[in-house]
Every structure is written in C-alpha cells, then in structure tokens.
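J.: Please read through the structure below; I'll follow up with questions.
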Amino acid sequence: MFEEKGYEFVKNFFDPTELLEESNKVINLAYKKKWKYIKVYHNIFLSNKINCFCISFPFNKFLNSNLLDKLEKVNYKDKLLKITKFKDISSSAIELQHNQKFNYQSTWHRDWETLDSGNVVLILFLTDEKGFRIIPKNLEINLRKDFPDVATKNYKIGYKNIPKNYFDIIDAKAGDFLVFDSGLLHQGFAKGKRTHLFIRHNDLNDSLKANEKFYSIYNFKSYLRPDAELAEIDSIANNDTFNFNINYFTLKNKLKSIFNLINYYIPLIKFLRFIVDLKKKKTHFHYSIFQ
Ligand SMILES: [Fe+2]
C-alpha cells in the first residue's frame with residue numbers, strides 16, 4: 001500500500017492509555033509553566049488558555065515528561081521500517097498536537113517539496129479522530145491533469161475545493177497510526193478535541209549514523225532529548241518557520257481571540273465569501289462551527 005499510495009494506515013497497533021495520560025500531563029504543565037514552545041495557528045478565545053495547535057519539544061525535562069519512555073514501549077520501529085523499506089530511521093521533529101475544543105482545518109499543503117522525499121510523517125492517534133485528508137500518490141497524476149496549479153513545488157494551495165474522489169479521509173481510533181510520505185498533499189482536519197503525536201522520521205544511512213549523535217531507539221536528534229538545554233532548543237526553534245516569541249496574553253491578542261470566537265460561532269464573513277464564490281472553487285467554513 002505504501003508503495004502505491006505513499007501512505008499506510010495501521011489500525012489498532014498500540015494501547016494508547018499510558019501515552020495519552022502522559023500527554024495530558026505534559027499539556028497541562030506546558031500551560032501552567034508557560035512553556036515557550038507552543039504553536040498556535042488560530043487563536044480562538046479560551047479562558048486562561050491559548051487555542052494551541054501543538055506542544056513542541058515535548059520530551060523536555062522542563063515538562064517532567066515521561067513521554068519518551070511510553071513511546072519506546074509502543075515500539076513501532078520495526079513495523080515502520082517494514083512499511084517504508086528504510087534501512088533505519090532518524091527523527092528530526094516531534095510535536096504533541098492537541099486541540100482543546102474548537103474545530104481545526106489546515107490548508108492543503110505538503111510538508112516537503114517533492115514526493116518520495118526520503119522522509120515520512122508518523123501520526124500516532126491517542127484519541128479518536130476523524131477527517132484527516134490525504135491525496136494518495138497514485139491519484140495525484142490525475143489531479144495534476146485536472147488542476148495544473150497543484151504542482152509538486154507549489155506546496156501550499158490553500159482551501160481549494162478538491163473533489164472528494166481525489167482524496168482519502170482517515171477515520172482513526174485511538175491506538176491507530178498513519179505514516180505518509182512528507183511530499184503528499186494533505187489537509188489536517190478535526191472536529192472538537194483531539195490529541196495525537198506527530199513525528200518526522202528520516203531515512204537514515206550508515207554514514208549519517210556515524211556522523212551524528214542520536215537519542216533513543218528512534219534516533220531522535222539531540223535537541224529533542226529530555227535533558228536538552230533551553231539555549232539549544234532556542235537555536236533550533238529560531239530556524240522554525242513558526243515564531244515562538246508571540247505573547248498571546250496581551251490585550252490586543254486577547255481581543256483578537258474574542259473576535260475569532262465570535263467568527264467561530266457566527267461566521268458572517270465566511271458565509272459572504274461562500275455566496276460570492278459561485279463556482280465553489282474553495283471551501284470556506286474552516287475554523288468554524290460549520291466546518
Ligand atoms: Fe502537514
């Protein structure tokens with residue numbers, strides 16, 4: 001399946017109980033101790049919280065995390081190597097992706113410019129989650145014929161209304177995992193609360209292995225290890241496309257989140273755009289109750 005579609009969905013692979021319990025502790029502590037490395041893509045008002053997208057660097061000792069131990073217990077590495085046919089893996093990113101309450105829908109995008117990218121995204125579902133959309137490799141050729149603007153390098157194509165016959169929808173239960181080539185077009189989608197782990201795994205050859213020091217059975221990069229110092233994390237975080245230096249608790253940002261809250265339940269602007277878009281070239285109700 002991976003060779004043909006560029007992704008594989010494995011059902012009922014692990015017991016999510018301990019990993020979810022540990023993840024909830026990390027999320028709560030990240031809020032309580034004001035962990036700087038939280039990504040927020042659309043801040044809708046929540047009292048005393050921010051509408052986070054994910055906790056980055058979740059293994060760090062700052063968060064008293066036992067997440068790595070629990071992840072090693074899941075022990076998915078052999079299965080992943082079998083699916084991808086990679087000789088070994090390294091792991092360059094991990095995010096604890098969590099929605100507290102509101103619907104979430106990303107743009108259509110790729111995490112990598114090209115297909116057969118040599119790296120994959122792994123999603124370990126810790127709660128039931130329906131709606132993640134992915135365009136299989138074997139359907140992309142036809143998609144490009146019908147929509148020439150969906151070229152490989154054009155990796156962000158916004159909220160284009162791609163016909164349903166081009167994409168698969170993943171209906172995941174806690175304990176399932178999804179692995180996909182980072183170059184595949186996909187769209188994050190969740191209604192209400194969700195928690196999963198997102199991990200980027202790279203094909204690891206022997207020369208790379210000899211040149212770098214890795215951590216754990218999954219060969220995590222050194223900045224992801226639990227005792228990584230904050231200065232080391234900061235230098236990595238500064239290279240991220242996301243800006244971690246935003247204070248969401250300023251009056252201006254709080255007011256903006258209240259504005260987003262009103263738009264969530266009464267999406268008037270989105271409704272007007274929907275009416276004006278006569279050919280329905282786009283989808284419009286992302287980040288709203290009508291998503
Ligand atoms: Fe993505």
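We label chains A, B, ... in the order they appear in the structure tokens, count residues from 1 in each chain, and number ligands from 1 in the order shown.
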Report as JSON lines: every residue of chain A with an atom at most 7 Å from ligand 1, its closest pair of atoms, and their distance in Å to one decimal, counting only C-alpha atoms and all ligand atoms, with rows sorted by chain and ascending residue number.

T.:
```
{"residue": "A:His109", "atom": "CA", "partner": "ligand 1", "partner_atom_place_in_ligand_line": "1 (Fe)", "distance": 6.3}
{"residue": "A:Arg110", "atom": "CA", "partner": "ligand 1", "partner_atom_place_in_ligand_line": "1 (Fe)", "distance": 5.9}
{"residue": "A:Asp111", "atom": "CA", "partner": "ligand 1", "partner_atom_place_in_ligand_line": "1 (Fe)", "distance": 5.0}
{"residue": "A:His186", "atom": "CA", "partner": "ligand 1", "partner_atom_place_in_ligand_line": "1 (Fe)", "distance": 6.5}
{"residue": "A:Gln187", "atom": "CA", "partner": "ligand 1", "partner_atom_place_in_ligand_line": "1 (Fe)", "distance": 6.8}
{"residue": "A:Gly188", "atom": "CA", "partner": "ligand 1", "partner_atom_place_in_ligand_line": "1 (Fe)", "distance": 6.8}
```

J.: I'd like the neighbourhood of region 220-229 of chain A as a ChimeraX atom specification, where a residue qualifies if any of its atoms comes within 12 Å (using only C-alpha atoms), though same-chain residues fewer than 2 positions away should be ignored.

T.: /A:56-69,71-72,89-95,199-202,204,208-209,211-218,231-237

J.: Find the residues around region 161-171 of chain A up to 10 Å (only C-alpha atoms counted), leave out those fewer than 4 positions away in its own chain, and share them as a ChimeraX atom specification.

T.: /A:9,11,108,128-140,142-143,147,176,178,185-187,189,279-284

J.: Let me make sure I understand: among A:Ile38, A:Val150, A:Ile275, A:Ala190, which one has the smallest atom-to-atom distance to Gln291 (chain A) if we use only C-alpha atoms?

T.: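 Selected residue with least distance to Gln291 (chain A): A:Ala190.
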
J.: Counting only C-alpha atoms, figure out which residue out of A:Trp112, A:Tyr7, A:Tyr37, A:Phe2 gets nearest to Asn243 (chain A).

T.: A:Tyr37

J.: Near Ile262 (chain A), counting only C-alpha atoms, which residues have an atom at most 9 Å away, once you skip same-chain residues fewer than 5 positions from it, shown as a PyMOL selection string?

T.: chain A and resi 44+257+267

J.: Go ahead and save the picked residues with N, CA and C atoms, as a PDB file, in the first residue's frame.

T.:
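Okay, this is what ended up in result_3.pdb:
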```pdb
ATOM      1  N   ILE A  44      -8.402  31.107  19.096  1.00  0.00           N
ATOM      2  CA  ILE A  44      -9.794  31.370  19.457  1.00  0.00           C
ATOM      3  C   ILE A  44      -9.856  31.411  20.983  1.00  0.00           C
ATOM      4  N   SER A 257      -8.547  37.176  19.844  1.00  0.00           N
ATOM      5  CA  SER A 257      -9.065  35.818  20.065  1.00  0.00           C
ATOM      6  C   SER A 257     -10.584  35.840  20.323  1.00  0.00           C
ATOM      7  N   PRO A 267     -20.017  32.854  11.585  1.00  0.00           N
ATOM      8  CA  PRO A 267     -19.002  33.161  10.550  1.00  0.00           C
ATOM      9  C   PRO A 267     -19.574  33.951   9.372  1.00  0.00           C
TER      10      PRO A 267
END
```

J.: Counting only C-alpha atoms, figure out which residue out of A:Ser182, A:Thr195, A:Gln105, A:Asn119 gets nearest to Glu21 (chain A).

T.: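 Between A:Ser182, A:Thr195, A:Gln105, A:Asn119, the residue approaching Glu21 (chain A) most closely is A:Thr195.
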
J.: What is the distance, in Å and to one decimal place, between CA of Ile123 (chain A) and CA of Lys70 (chain A)?

T.: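 A separation of 15.2 Å between them.
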
J.: For the alpha helix (DSSP H) assignment from backbone DSSP, which residues of region 88-217 of chain A qualify? Please present them as a compact mmCIF listing (two decimals) with C-alpha atoms, in the first residue's frame.

T.:
```
# COMPACT_ATOMS: atom_id res chain seq x y z
CA LYS A 137 0.35 9.19 -4.74
CA ASN A 138 -1.47 7.18 -7.43
CA LEU A 139 -4.26 9.78 -7.68
CA GLU A 140 -2.01 12.80 -7.83
CA ILE A 141 -1.16 12.28 -11.53
CA ASN A 142 -4.82 12.67 -12.46
CA LEU A 143 -5.27 15.53 -10.04
CA ARG A 144 -2.45 17.45 -11.71
CA LYS A 145 -4.06 16.94 -15.12
CA ASP A 146 -7.35 18.39 -13.89
CA ASP A 206 25.24 4.37 7.77
CA SER A 207 27.38 7.43 7.02
CA LEU A 208 24.83 9.78 8.59
CA LYS A 209 24.62 7.45 11.54
CA ALA A 210 28.36 7.62 12.08
CA ASN A 211 28.47 11.41 11.90
```

J.: Between A:Cys52, A:Thr250, A:Phe125, A:Ile266, which is the closest to Lys36 (chain A) once you count only C-alpha atoms?

T.: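 Comparing A:Cys52, A:Thr250, A:Phe125, A:Ile266 against Lys36 (chain A), the winner is A:Cys52.
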
J.: Looking at only C-alpha atoms, which of A:Gly6, A:Phe13, A:Lys191, A:Glu113 is the one that sits closest to Asn75 (chain A)?

T.: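 The closest residue to Asn75 (chain A) is A:Phe13.
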